[in-house]
>>> print(open('query-v8.pdb').read())   # PDB, C-alpha atoms, pLDDT in the B column
ATOM      1  CA  MET A   1     240.084   7.163  74.964  1.00 42.00           C
ATOM      2  CA  LEU A   2     241.441   4.025  73.326  1.00 50.00           C
ATOM      3  CA  PHE A   3     243.191   1.448  75.494  1.00 53.00           C
ATOM      4  CA  ARG A   4     246.826   0.891  74.616  1.00 51.00           C
ATOM      5  CA  SER A   5     248.404  -2.067  76.336  1.00 50.00           C
ATOM      6  CA  LYS A   6     251.764  -1.843  78.054  1.00 49.00           C
ATOM      7  CA  LYS A   7     254.679  -3.543  76.350  1.00 44.00           C
ATOM      8  CA  MET A   8     254.438  -7.130  77.398  1.00 43.00           C
ATOM      9  CA  ASN A   9     255.281 -10.608  76.193  1.00 48.00           C
ATOM     10  CA  LYS A  10     251.940 -11.679  74.732  1.00 59.00           C
ATOM     11  CA  ASP A  11     253.055 -15.258  74.311  1.00 78.00           C
ATOM     12  CA  LYS A  12     251.341 -17.240  77.043  1.00 94.00           C
ATOM     13  CA  PHE A  13     247.689 -18.238  76.859  1.00 97.00           C
ATOM     14  CA  SER A  14     245.295 -19.348  79.554  1.00 98.00           C
ATOM     15  CA  ILE A  15     242.520 -21.454  78.019  1.00 98.00           C
ATOM     16  CA  ILE A  16     239.662 -21.376  80.514  1.00 98.00           C
ATOM     17  CA  ILE A  17     236.969 -24.038  80.143  1.00 98.00           C
ATOM     18  CA  PRO A  18     233.844 -23.775  82.328  1.00 98.00           C
ATOM     19  CA  VAL A  19     232.222 -27.213  82.619  1.00 98.00           C
ATOM     20  CA  TRP A  20     229.100 -28.834  84.005  1.00 97.00           C
ATOM     21  CA  ARG A  21     228.719 -32.609  83.705  1.00 96.00           C
ATOM     22  CA  GLU A  22     231.231 -32.977  80.849  1.00 97.00           C
ATOM     23  CA  ALA A  23     233.016 -36.095  82.145  1.00 97.00           C
ATOM     24  CA  ASP A  24     232.391 -37.951  78.876  1.00 95.00           C
ATOM     25  CA  THR A  25     233.918 -35.274  76.633  1.00 95.00           C
ATOM     26  CA  ILE A  26     236.543 -33.385  78.636  1.00 97.00           C
ATOM     27  CA  ASN A  27     239.489 -35.689  77.856  1.00 97.00           C
ATOM     28  CA  CYS A  28     238.918 -35.468  74.101  1.00 96.00           C
ATOM     29  CA  LEU A  29     238.784 -31.670  74.325  1.00 97.00           C
ATOM     30  CA  ILE A  30     241.978 -31.413  76.370  1.00 97.00           C
ATOM     31  CA  LYS A  31     243.798 -33.863  74.082  1.00 96.00           C
ATOM     32  CA  ASN A  32     242.768 -31.826  71.034  1.00 96.00           C
ATOM     33  CA  ILE A  33     244.171 -28.663  72.586  1.00 96.00           C
ATOM     34  CA  ILE A  34     247.456 -30.291  73.645  1.00 95.00           C
ATOM     35  CA  ASP A  35     247.961 -32.067  70.307  1.00 95.00           C
ATOM     36  CA  GLN A  36     247.146 -29.005  68.233  1.00 94.00           C
ATOM     37  CA  PHE A  37     249.030 -26.326  70.153  1.00 94.00           C
ATOM     38  CA  ASN A  38     251.995 -28.230  71.596  1.00 89.00           C
ATOM     39  CA  ARG A  39     254.459 -25.647  70.253  1.00 87.00           C
ATOM     40  CA  GLU A  40     252.727 -22.720  71.955  1.00 93.00           C
ATOM     41  CA  LYS A  41     252.933 -21.572  75.580  1.00 94.00           C
ATOM     42  CA  PHE A  42     249.611 -22.244  77.234  1.00 96.00           C
ATOM     43  CA  GLU A  43     247.839 -23.580  80.260  1.00 97.00           C
ATOM     44  CA  ILE A  44     244.403 -25.192  80.464  1.00 98.00           C
ATOM     45  CA  ILE A  45     242.150 -24.272  83.369  1.00 98.00           C
ATOM     46  CA  VAL A  46     239.077 -26.462  83.775  1.00 98.00           C
ATOM     47  CA  VAL A  47     236.497 -24.930  86.128  1.00 98.00           C
ATOM     48  CA  ASP A  48     233.900 -27.435  87.308  1.00 98.00           C
ATOM     49  CA  GLY A  49     230.469 -26.147  88.360  1.00 98.00           C
ATOM     50  CA  GLU A  50     229.772 -29.323  90.320  1.00 97.00           C
ATOM     51  CA  LYS A  51     230.896 -29.166  93.941  1.00 94.00           C
ATOM     52  CA  ASN A  52     232.028 -32.789  93.859  1.00 96.00           C
ATOM     53  CA  GLY A  53     234.115 -32.093  90.757  1.00 97.00           C
ATOM     54  CA  ASN A  54     232.863 -35.006  88.641  1.00 97.00           C
ATOM     55  CA  THR A  55     234.240 -33.559  85.413  1.00 98.00           C
ATOM     56  CA  ILE A  56     237.682 -32.598  86.693  1.00 98.00           C
ATOM     57  CA  ASP A  57     237.954 -35.968  88.470  1.00 97.00           C
ATOM     58  CA  ALA A  58     237.386 -37.620  85.083  1.00 98.00           C
ATOM     59  CA  ILE A  59     240.458 -35.938  83.548  1.00 97.00           C
ATOM     60  CA  LYS A  60     242.980 -38.691  82.847  1.00 96.00           C
ATOM     61  CA  ILE A  61     245.561 -36.635  80.993  1.00 94.00           C
ATOM     62  CA  GLY A  62     248.457 -35.750  83.251  1.00 87.00           C
ATOM     63  CA  SER A  63     250.182 -32.428  82.617  1.00 86.00           C
ATOM     64  CA  ASP A  64     251.659 -29.582  84.647  1.00 88.00           C
ATOM     65  CA  ASN A  65     249.832 -27.251  82.255  1.00 93.00           C
ATOM     66  CA  ILE A  66     246.385 -28.349  83.437  1.00 97.00           C
ATOM     67  CA  LYS A  67     244.719 -26.696  86.423  1.00 97.00           C
ATOM     68  CA  LYS A  68     241.533 -28.152  87.880  1.00 98.00           C
ATOM     69  CA  ILE A  69     239.317 -26.091  90.155  1.00 98.00           C
ATOM     70  CA  THR A  70     235.671 -25.906  91.219  1.00 98.00           C
ATOM     71  CA  ALA A  71     233.373 -22.893  91.460  1.00 98.00           C
ATOM     72  CA  GLU A  72     229.713 -22.167  91.972  1.00 97.00           C
ATOM     73  CA  LYS A  73     227.578 -23.293  89.024  1.00 97.00           C
ATOM     74  CA  ASN A  74     227.325 -20.148  86.913  1.00 97.00           C
ATOM     75  CA  ARG A  75     229.339 -19.715  83.748  1.00 97.00           C
ATOM     76  CA  ALA A  76     230.400 -16.150  84.568  1.00 98.00           C
ATOM     77  CA  LYS A  77     231.517 -17.131  88.084  1.00 98.00           C
ATOM     78  CA  GLN A  78     233.354 -20.161  86.740  1.00 98.00           C
ATOM     79  CA  MET A  79     235.179 -18.128  84.102  1.00 98.00           C
ATOM     80  CA  ASN A  80     236.105 -15.433  86.619  1.00 98.00           C
ATOM     81  CA  ALA A  81     237.420 -18.135  88.949  1.00 98.00           C
ATOM     82  CA  GLY A  82     239.541 -19.527  86.128  1.00 98.00           C
ATOM     83  CA  ALA A  83     240.876 -16.080  85.250  1.00 98.00           C
ATOM     84  CA  SER A  84     241.789 -15.447  88.897  1.00 98.00           C
ATOM     85  CA  VAL A  85     244.241 -18.378  88.948  1.00 98.00           C
ATOM     86  CA  SER A  86     245.566 -17.876  85.409  1.00 98.00           C
ATOM     87  CA  ASN A  87     249.173 -17.070  84.544  1.00 96.00           C
ATOM     88  CA  GLY A  88     248.694 -16.181  80.886  1.00 96.00           C
ATOM     89  CA  ASP A  89     248.772 -12.759  79.257  1.00 96.00           C
ATOM     90  CA  ILE A  90     245.870 -13.703  76.986  1.00 97.00           C
ATOM     91  CA  LEU A  91     242.698 -15.371  78.224  1.00 98.00           C
ATOM     92  CA  ILE A  92     240.647 -17.632  75.962  1.00 98.00           C
ATOM     93  CA  PHE A  93     237.214 -18.663  77.201  1.00 98.00           C
ATOM     94  CA  LEU A  94     236.343 -21.934  75.511  1.00 98.00           C
ATOM     95  CA  HIS A  95     233.033 -23.747  75.853  1.00 97.00           C
ATOM     96  CA  ALA A  96     233.308 -27.474  76.514  1.00 96.00           C
ATOM     97  CA  ASP A  97     231.485 -28.318  73.272  1.00 95.00           C
ATOM     98  CA  SER A  98     233.702 -26.161  71.047  1.00 96.00           C
ATOM     99  CA  ILE A  99     236.985 -26.829  69.241  1.00 97.00           C
ATOM    100  CA  LEU A 100     239.463 -24.087  68.412  1.00 98.00           C
ATOM    101  CA  PRO A 101     240.502 -23.748  64.749  1.00 97.00           C
ATOM    102  CA  GLU A 102     243.928 -24.766  63.548  1.00 95.00           C
ATOM    103  CA  GLY A 103     246.538 -22.142  64.370  1.00 95.00           C
ATOM    104  CA  ALA A 104     244.158 -20.313  66.712  1.00 97.00           C
ATOM    105  CA  LEU A 105     246.770 -19.271  69.264  1.00 97.00           C
ATOM    106  CA  THR A 106     249.150 -17.937  66.628  1.00 95.00           C
ATOM    107  CA  GLN A 107     246.327 -16.008  64.971  1.00 96.00           C
ATOM    108  CA  ILE A 108     245.337 -14.398  68.265  1.00 97.00           C
ATOM    109  CA  LYS A 109     248.933 -13.555  69.146  1.00 95.00           C
ATOM    110  CA  ASN A 110     249.565 -11.989  65.739  1.00 95.00           C
ATOM    111  CA  ILE A 111     246.445  -9.833  65.690  1.00 96.00           C
ATOM    112  CA  LEU A 112     247.071  -8.502  69.208  1.00 95.00           C
ATOM    113  CA  LYS A 113     250.677  -7.680  68.354  1.00 93.00           C
ATOM    114  CA  SER A 114     249.712  -6.014  65.070  1.00 93.00           C
ATOM    115  CA  ASN A 115     247.408  -3.446  66.679  1.00 92.00           C
ATOM    116  CA  SER A 116     247.843  -2.300  70.278  1.00 89.00           C
ATOM    117  CA  HIS A 117     244.253  -0.992  70.374  1.00 93.00           C
ATOM    118  CA  ILE A 118     242.785  -4.492  69.901  1.00 96.00           C
ATOM    119  CA  VAL A 119     242.042  -5.890  73.346  1.00 97.00           C
ATOM    120  CA  ALA A 120     239.630  -8.727  72.633  1.00 98.00           C
ATOM    121  CA  GLY A 121     238.017 -10.776  69.909  1.00 98.00           C
ATOM    122  CA  ALA A 122     236.628 -14.100  68.829  1.00 98.00           C
ATOM    123  CA  PHE A 123     236.316 -16.406  65.820  1.00 98.00           C
ATOM    124  CA  ASP A 124     233.611 -17.041  63.286  1.00 97.00           C
ATOM    125  CA  LEU A 125     231.133 -19.762  64.260  1.00 96.00           C
ATOM    126  CA  LYS A 126     230.584 -23.093  62.534  1.00 96.00           C
ATOM    127  CA  LEU A 127     228.052 -25.518  63.973  1.00 95.00           C
ATOM    128  CA  ASP A 128     229.132 -29.147  63.615  1.00 95.00           C
ATOM    129  CA  SER A 129     226.211 -30.358  61.519  1.00 93.00           C
ATOM    130  CA  ASN A 130     225.354 -30.874  57.850  1.00 94.00           C
ATOM    131  CA  LYS A 131     221.776 -29.706  58.358  1.00 92.00           C
ATOM    132  CA  ILE A 132     220.928 -26.643  56.287  1.00 94.00           C
ATOM    133  CA  ILE A 133     219.394 -24.809  59.243  1.00 90.00           C
ATOM    134  CA  PHE A 134     222.629 -25.052  61.233  1.00 90.00           C
ATOM    135  CA  LYS A 135     224.664 -23.872  58.249  1.00 94.00           C
ATOM    136  CA  ILE A 136     222.362 -20.832  58.044  1.00 91.00           C
ATOM    137  CA  ILE A 137     222.663 -20.158  61.773  1.00 90.00           C
ATOM    138  CA  SER A 138     226.466 -20.357  61.487  1.00 93.00           C
ATOM    139  CA  LYS A 139     226.565 -17.847  58.629  1.00 94.00           C
ATOM    140  CA  VAL A 140     224.106 -15.445  60.252  1.00 90.00           C
ATOM    141  CA  SER A 141     225.873 -15.594  63.625  1.00 89.00           C
ATOM    142  CA  SER A 142     229.250 -14.893  62.056  1.00 93.00           C
ATOM    143  CA  LEU A 143     227.855 -12.013  59.994  1.00 93.00           C
ATOM    144  CA  ARG A 144     226.080 -10.549  63.028  1.00 91.00           C
ATOM    145  CA  SER A 145     229.247 -10.583  65.127  1.00 93.00           C
ATOM    146  CA  ARG A 146     231.239  -8.936  62.345  1.00 93.00           C
ATOM    147  CA  LEU A 147     228.683  -6.155  61.970  1.00 94.00           C
ATOM    148  CA  THR A 148     228.180  -5.534  65.685  1.00 94.00           C
ATOM    149  CA  ARG A 149     231.629  -6.564  66.968  1.00 94.00           C
ATOM    150  CA  ILE A 150     229.775  -8.338  69.784  1.00 95.00           C
ATOM    151  CA  PRO A 151     230.538 -12.067  69.557  1.00 96.00           C
ATOM    152  CA  TYR A 152     228.858 -14.762  71.634  1.00 93.00           C
ATOM    153  CA  GLY A 153     230.745 -16.987  74.040  1.00 94.00           C
ATOM    154  CA  ASP A 154     230.543 -20.032  71.768  1.00 93.00           C
ATOM    155  CA  GLN A 155     232.833 -18.175  69.348  1.00 96.00           C
ATOM    156  CA  ALA A 156     235.739 -18.614  71.819  1.00 98.00           C
ATOM    157  CA  ILE A 157     236.156 -15.092  73.163  1.00 98.00           C
ATOM    158  CA  PHE A 158     239.734 -14.008  73.837  1.00 98.00           C
ATOM    159  CA  VAL A 159     240.818 -10.942  75.778  1.00 98.00           C
ATOM    160  CA  GLN A 160     244.011  -9.474  77.154  1.00 97.00           C
ATOM    161  CA  LYS A 161     244.151 -10.345  80.847  1.00 97.00           C
ATOM    162  CA  GLU A 162     245.290  -6.830  81.753  1.00 95.00           C
ATOM    163  CA  TYR A 163     242.190  -5.360  80.136  1.00 97.00           C
ATOM    164  CA  PHE A 164     239.890  -8.078  81.507  1.00 98.00           C
ATOM    165  CA  ASN A 165     241.033  -7.203  85.025  1.00 97.00           C
ATOM    166  CA  LYS A 166     240.519  -3.479  84.404  1.00 96.00           C
ATOM    167  CA  LEU A 167     236.852  -4.250  83.675  1.00 97.00           C
ATOM    168  CA  SER A 168     236.608  -6.527  86.748  1.00 97.00           C
ATOM    169  CA  GLY A 169     235.915  -9.525  84.533  1.00 98.00           C
ATOM    170  CA  TYR A 170     232.511 -10.933  83.728  1.00 98.00           C
ATOM    171  CA  LYS A 171     229.443  -9.676  85.511  1.00 97.00           C
ATOM    172  CA  GLU A 172     228.150 -12.667  87.424  1.00 96.00           C
ATOM    173  CA  ILE A 173     224.692 -12.738  85.850  1.00 94.00           C
ATOM    174  CA  PRO A 174     222.636 -15.838  84.878  1.00 91.00           C
ATOM    175  CA  ILE A 175     222.970 -15.498  81.077  1.00 89.00           C
ATOM    176  CA  MET A 176     224.495 -13.258  78.408  1.00 92.00           C
ATOM    177  CA  GLU A 177     227.595 -12.489  80.444  1.00 96.00           C
ATOM    178  CA  ASP A 178     229.524 -12.661  77.164  1.00 96.00           C
ATOM    179  CA  ILE A 179     227.398  -9.978  75.491  1.00 95.00           C
ATOM    180  CA  ASP A 180     227.660  -7.775  78.570  1.00 97.00           C
ATOM    181  CA  LEU A 181     231.466  -8.007  78.566  1.00 98.00           C
ATOM    182  CA  MET A 182     231.715  -7.165  74.868  1.00 97.00           C
ATOM    183  CA  ARG A 183     229.410  -4.158  75.320  1.00 96.00           C
ATOM    184  CA  ARG A 184     231.506  -2.859  78.209  1.00 97.00           C
ATOM    185  CA  ILE A 185     234.651  -3.242  76.123  1.00 97.00           C
ATOM    186  CA  LYS A 186     233.076  -1.223  73.318  1.00 95.00           C
ATOM    187  CA  LYS A 187     231.787   1.383  75.775  1.00 95.00           C
ATOM    188  CA  ASN A 188     235.361   1.810  76.999  1.00 94.00           C
ATOM    189  CA  ASN A 189     236.568   2.220  73.390  1.00 92.00           C
ATOM    190  CA  GLY A 190     238.366  -1.110  73.314  1.00 95.00           C
ATOM    191  CA  LYS A 191     238.686  -2.660  69.854  1.00 96.00           C
ATOM    192  CA  ILE A 192     237.215  -6.121  69.254  1.00 98.00           C
ATOM    193  CA  HIS A 193     238.452  -8.171  66.303  1.00 97.00           C
ATOM    194  CA  ILE A 194     236.659 -11.134  64.700  1.00 97.00           C
ATOM    195  CA  LEU A 195     239.083 -13.633  63.169  1.00 98.00           C
ATOM    196  CA  SER A 196     238.022 -15.376  59.950  1.00 95.00           C
ATOM    197  CA  SER A 197     238.797 -18.917  61.146  1.00 97.00           C
ATOM    198  CA  SER A 198     235.848 -20.789  62.617  1.00 97.00           C
ATOM    199  CA  VAL A 199     235.346 -22.397  65.984  1.00 97.00           C
ATOM    200  CA  ILE A 200     233.620 -25.762  65.521  1.00 97.00           C
ATOM    201  CA  THR A 201     230.745 -25.922  67.997  1.00 95.00           C
ATOM    202  CA  SER A 202     228.297 -28.711  68.736  1.00 93.00           C
ATOM    203  CA  PRO A 203     224.661 -27.834  67.936  1.00 90.00           C
ATOM    204  CA  ARG A 204     223.497 -29.781  70.988  1.00 88.00           C
ATOM    205  CA  ARG A 205     222.077 -26.739  72.794  1.00 80.00           C
ATOM    206  CA  TRP A 206     219.981 -25.788  69.781  1.00 75.00           C
ATOM    207  CA  GLU A 207     218.800 -29.386  69.498  1.00 81.00           C
ATOM    208  CA  LYS A 208     218.028 -29.687  73.197  1.00 77.00           C
ATOM    209  CA  GLU A 209     216.177 -26.394  73.659  1.00 75.00           C
ATOM    210  CA  GLY A 210     214.740 -26.126  70.166  1.00 75.00           C
ATOM    211  CA  ILE A 211     216.272 -24.177  67.296  1.00 72.00           C
ATOM    212  CA  LEU A 212     213.691 -21.388  67.225  1.00 73.00           C
ATOM    213  CA  PHE A 213     213.575 -20.949  71.004  1.00 69.00           C
ATOM    214  CA  TYR A 214     217.354 -20.929  71.450  1.00 67.00           C
ATOM    215  CA  THR A 215     217.927 -18.538  68.551  1.00 68.00           C
ATOM    216  CA  PHE A 216     215.101 -16.206  69.607  1.00 69.00           C
ATOM    217  CA  ARG A 217     216.363 -16.147  73.208  1.00 67.00           C
ATOM    218  CA  ASN A 218     219.834 -15.132  72.012  1.00 65.00           C
ATOM    219  CA  TRP A 219     218.385 -12.345  69.864  1.00 64.00           C
TER     220      TRP A 219
END
>>> encode(input="query-v8.pdb", output="structure tokens")
Amino acid sequence: MLFRSKKMNKDKFSIIIPVWREADTINCLIKNIIDQFNREKFEIIVVDGEKNGNTIDAIKIGSDNIKKITAEKNRAKQMNAGASVSNGDILIFLHADSILPEGALTQIKNILKSNSHIVAGAFDLKLDSNKIIFKIISKVSSLRSRLTRIPYGDQAIFVQKEYFNKLSGYKEIPIMEDIDLMRRIKKNNGKIHILSSSVITSPRRWEKEGILFYTFRNW
């Protein structure tokens, strides 16, 4: 049975950013979000996996729209913690090394309003590098997610909060919590939509762990 959301004002977003030792980059990311989406209704929730909160302590931008919390180091636990304090109708889970495309919030809002069966989605992926191998990975990843309707977390997954709560959020597993959530959505006949705009993501994880190893592990 397809999920059909209740009539609600799908206008407020909660952008949840799980972080671990991102003190050097977090202010640039927050500034980009605020500058780009200043006409939209949103809040930013930064969830620090360090107990001492080094990353959230480094945030210099003052705003009532920014929440700063800590949680146990585990991306699923951090994202669930962020969702638990969120006030938005739509949750966006954004990795700290990713940048949302221009008009992202409007695109999400429009697609959810256009089809009540769509409960979640993501964007295409573009790795921030001119190297041919990363261009290939970007194209293949985007094609794979379109064919399977199972995007990875670095594609900025969005989901209606009502539906996210019905599924009890992310399973708090070490890796692939994003894939697990998308599979459970599909199993429950929820529709997942991949938007054609691209999230710009740093290739640093591929570079750190090795392109072949990181790609093979994902597969």
>>> closest_residue(input="query-v8.pdb", among="A:Thr55, A:Asn80, A:Gln160, A:Ser114", to="Glu22 (chain A)", atoms="only C-alpha atoms")
A:Thr55
>>> resolve_selection(input="query-v8.pdb", expression="the PyMOL selection byres ((chain A and resi 30) around 12)", output="short mmCIF file (atom, residue, chain, number, x, y, z; two decimals) with C-alpha atoms, in the coordinates of the input")
data_model
loop_
_atom_site.label_atom_id
_atom_site.label_comp_id
_atom_site.auth_asym_id
_atom_site.auth_seq_id
_atom_site.Cartn_x
_atom_site.Cartn_y
_atom_site.Cartn_z
CA ILE A 15 242.52 -21.45 78.02
CA ILE A 16 239.66 -21.38 80.51
CA ILE A 17 236.97 -24.04 80.14
CA GLU A 22 231.23 -32.98 80.85
CA ALA A 23 233.02 -36.10 82.14
CA ASP A 24 232.39 -37.95 78.88
CA THR A 25 233.92 -35.27 76.63
CA ILE A 26 236.54 -33.38 78.64
CA ASN A 27 239.49 -35.69 77.86
CA CYS A 28 238.92 -35.47 74.10
CA LEU A 29 238.78 -31.67 74.32
CA LYS A 31 243.80 -33.86 74.08
CA ASN A 32 242.77 -31.83 71.03
CA ILE A 33 244.17 -28.66 72.59
CA ILE A 34 247.46 -30.29 73.64
CA ASP A 35 247.96 -32.07 70.31
CA GLN A 36 247.15 -29.00 68.23
CA PHE A 37 249.03 -26.33 70.15
CA ASN A 38 252.00 -28.23 71.60
CA PHE A 42 249.61 -22.24 77.23
CA GLU A 43 247.84 -23.58 80.26
CA ILE A 44 244.40 -25.19 80.46
CA ILE A 45 242.15 -24.27 83.37
CA VAL A 46 239.08 -26.46 83.78
CA ILE A 56 237.68 -32.60 86.69
CA ALA A 58 237.39 -37.62 85.08
CA ILE A 59 240.46 -35.94 83.55
CA LYS A 60 242.98 -38.69 82.85
CA ILE A 61 245.56 -36.64 80.99
CA GLY A 62 248.46 -35.75 83.25
CA SER A 63 250.18 -32.43 82.62
CA ASN A 65 249.83 -27.25 82.26
CA ILE A 66 246.38 -28.35 83.44
CA LYS A 67 244.72 -26.70 86.42
CA LYS A 68 241.53 -28.15 87.88
CA LEU A 94 236.34 -21.93 75.51
CA HIS A 95 233.03 -23.75 75.85
CA ALA A 96 233.31 -27.47 76.51
CA ASP A 97 231.48 -28.32 73.27
CA SER A 98 233.70 -26.16 71.05
CA ILE A 99 236.98 -26.83 69.24
CA LEU A 100 239.46 -24.09 68.41
#
>>> closest_residue(input="query-v8.pdb", among="A:Ile69, A:Lys126, A:Lys171, A:Leu195", to="Lys139 (chain A)", atoms="only C-alpha atoms")
A:Lys126
>>> axis_aligned_box(input="query-v8.pdb", around="region 31-40 of chain A", padding_each_side="8 Å", output="AutoDock Vina command-line options")
--center_x 248.6 --center_y -28.3 --center_z 71.2 --size_x 27.7 --size_y 27.1 --size_z 21.8
>>> resolve_selection(input="query-v8.pdb", expression="the PyMOL selection byres ((chain A and resi 12) around 12)", output="list of chain:residue names")
A:Met8, A:Asn9, A:Lys10, A:Asp11, A:Phe13, A:Ser14, A:Ile15, A:Phe37, A:Arg39, A:Glu40, A:Lys41, A:Phe42, A:Glu43, A:Ile44, A:Asn65, A:Ser86, A:Asn87, A:Gly88, A:Asp89, A:Ile90, A:Leu91, A:Ile92, A:Leu105, A:Thr106, A:Ile108, A:Lys109, A:Gln160, A:Lys161
>>> closest_residue(input="query-v8.pdb", among="A:Asp178, A:Glu50, A:Asp57, A:Asp124", to="Ala71 (chain A)", atoms="only C-alpha atoms")
A:Glu50
>>> atom_distance(input="query-v8.pdb", atom1="CA of Ser84 (chain A)", atom2="CA of Met176 (chain A)")
20.3 Å
>>> resolve_selection(input="query-v8.pdb", expression="the PyMOL selection byres ((chain A and resi 162-165) around 9)", output="list in words")
Phe3, Ser5, Lys6, Ala83, Asp89, Ile90, Leu91, Val119, Ala120, Val159, Gln160, Lys161, Lys166, Leu167, Ser168, Gly169, Tyr170, Leu181, Ile185 and Gly190 of chain A
>>> closest_residue(input="query-v8.pdb", among="A:Phe158, A:Trp20, A:Phe123, A:Tyr152", to="Glu72 (chain A)", atoms="only C-alpha atoms")
A:Trp20
>>> closest_residue(input="query-v8.pdb", among="A:Ala122, A:Val47, A:Leu212, A:Gly53", to="Arg149 (chain A)", atoms="all atoms listed in the file")
A:Ala122
>>> atom_distance(input="query-v8.pdb", atom1="CA of His193 (chain A)", atom2="CA of Asp180 (chain A)")
16.3 Å
>>> closest_residue(input="query-v8.pdb", among="A:Arg21, A:Ser141, A:Phe134, A:Thr70", to="Val85 (chain A)", atoms="all atoms listed in the file")
A:Thr70
>>> atom_distance(input="query-v8.pdb", atom1="CA of Val19 (chain A)", atom2="CA of Lys73 (chain A)")
8.8 Å
>>> residues_around(input="query-v8.pdb", residues="Glu177 (chain A)", least_positions_apart="5", cutoff="12 Å", atoms="all atoms listed in the file", output="mmCIF file with C-alpha atoms, in the frame of the given file")
data_model
loop_
_atom_site.group_PDB
_atom_site.id
_atom_site.type_symbol
_atom_site.label_atom_id
_atom_site.label_comp_id
_atom_site.auth_asym_id
_atom_site.auth_seq_id
_atom_site.Cartn_x
_atom_site.Cartn_y
_atom_site.Cartn_z
ATOM 1 C CA ASN A 74 227.325 -20.148 86.913
ATOM 2 C CA ARG A 75 229.339 -19.715 83.748
ATOM 3 C CA ALA A 76 230.400 -16.150 84.568
ATOM 4 C CA LYS A 77 231.517 -17.131 88.084
ATOM 5 C CA GLN A 78 233.354 -20.161 86.740
ATOM 6 C CA MET A 79 235.179 -18.128 84.102
ATOM 7 C CA ASN A 80 236.105 -15.433 86.619
ATOM 8 C CA PHE A 93 237.214 -18.663 77.201
ATOM 9 C CA ILE A 150 229.775 -8.338 69.784
ATOM 10 C CA PRO A 151 230.538 -12.067 69.557
ATOM 11 C CA TYR A 152 228.858 -14.762 71.634
ATOM 12 C CA GLY A 153 230.745 -16.987 74.040
ATOM 13 C CA ASP A 154 230.543 -20.032 71.768
ATOM 14 C CA ILE A 157 236.156 -15.092 73.163
ATOM 15 C CA GLY A 169 235.915 -9.525 84.533
ATOM 16 C CA TYR A 170 232.511 -10.933 83.728
ATOM 17 C CA LYS A 171 229.443 -9.676 85.511
ATOM 18 C CA GLU A 172 228.150 -12.667 87.424
ATOM 19 C CA MET A 182 231.715 -7.165 74.868
ATOM 20 C CA ARG A 183 229.410 -4.158 75.320
ATOM 21 C CA ARG A 184 231.506 -2.859 78.209
ATOM 22 C CA ASN A 218 219.834 -15.132 72.012
#
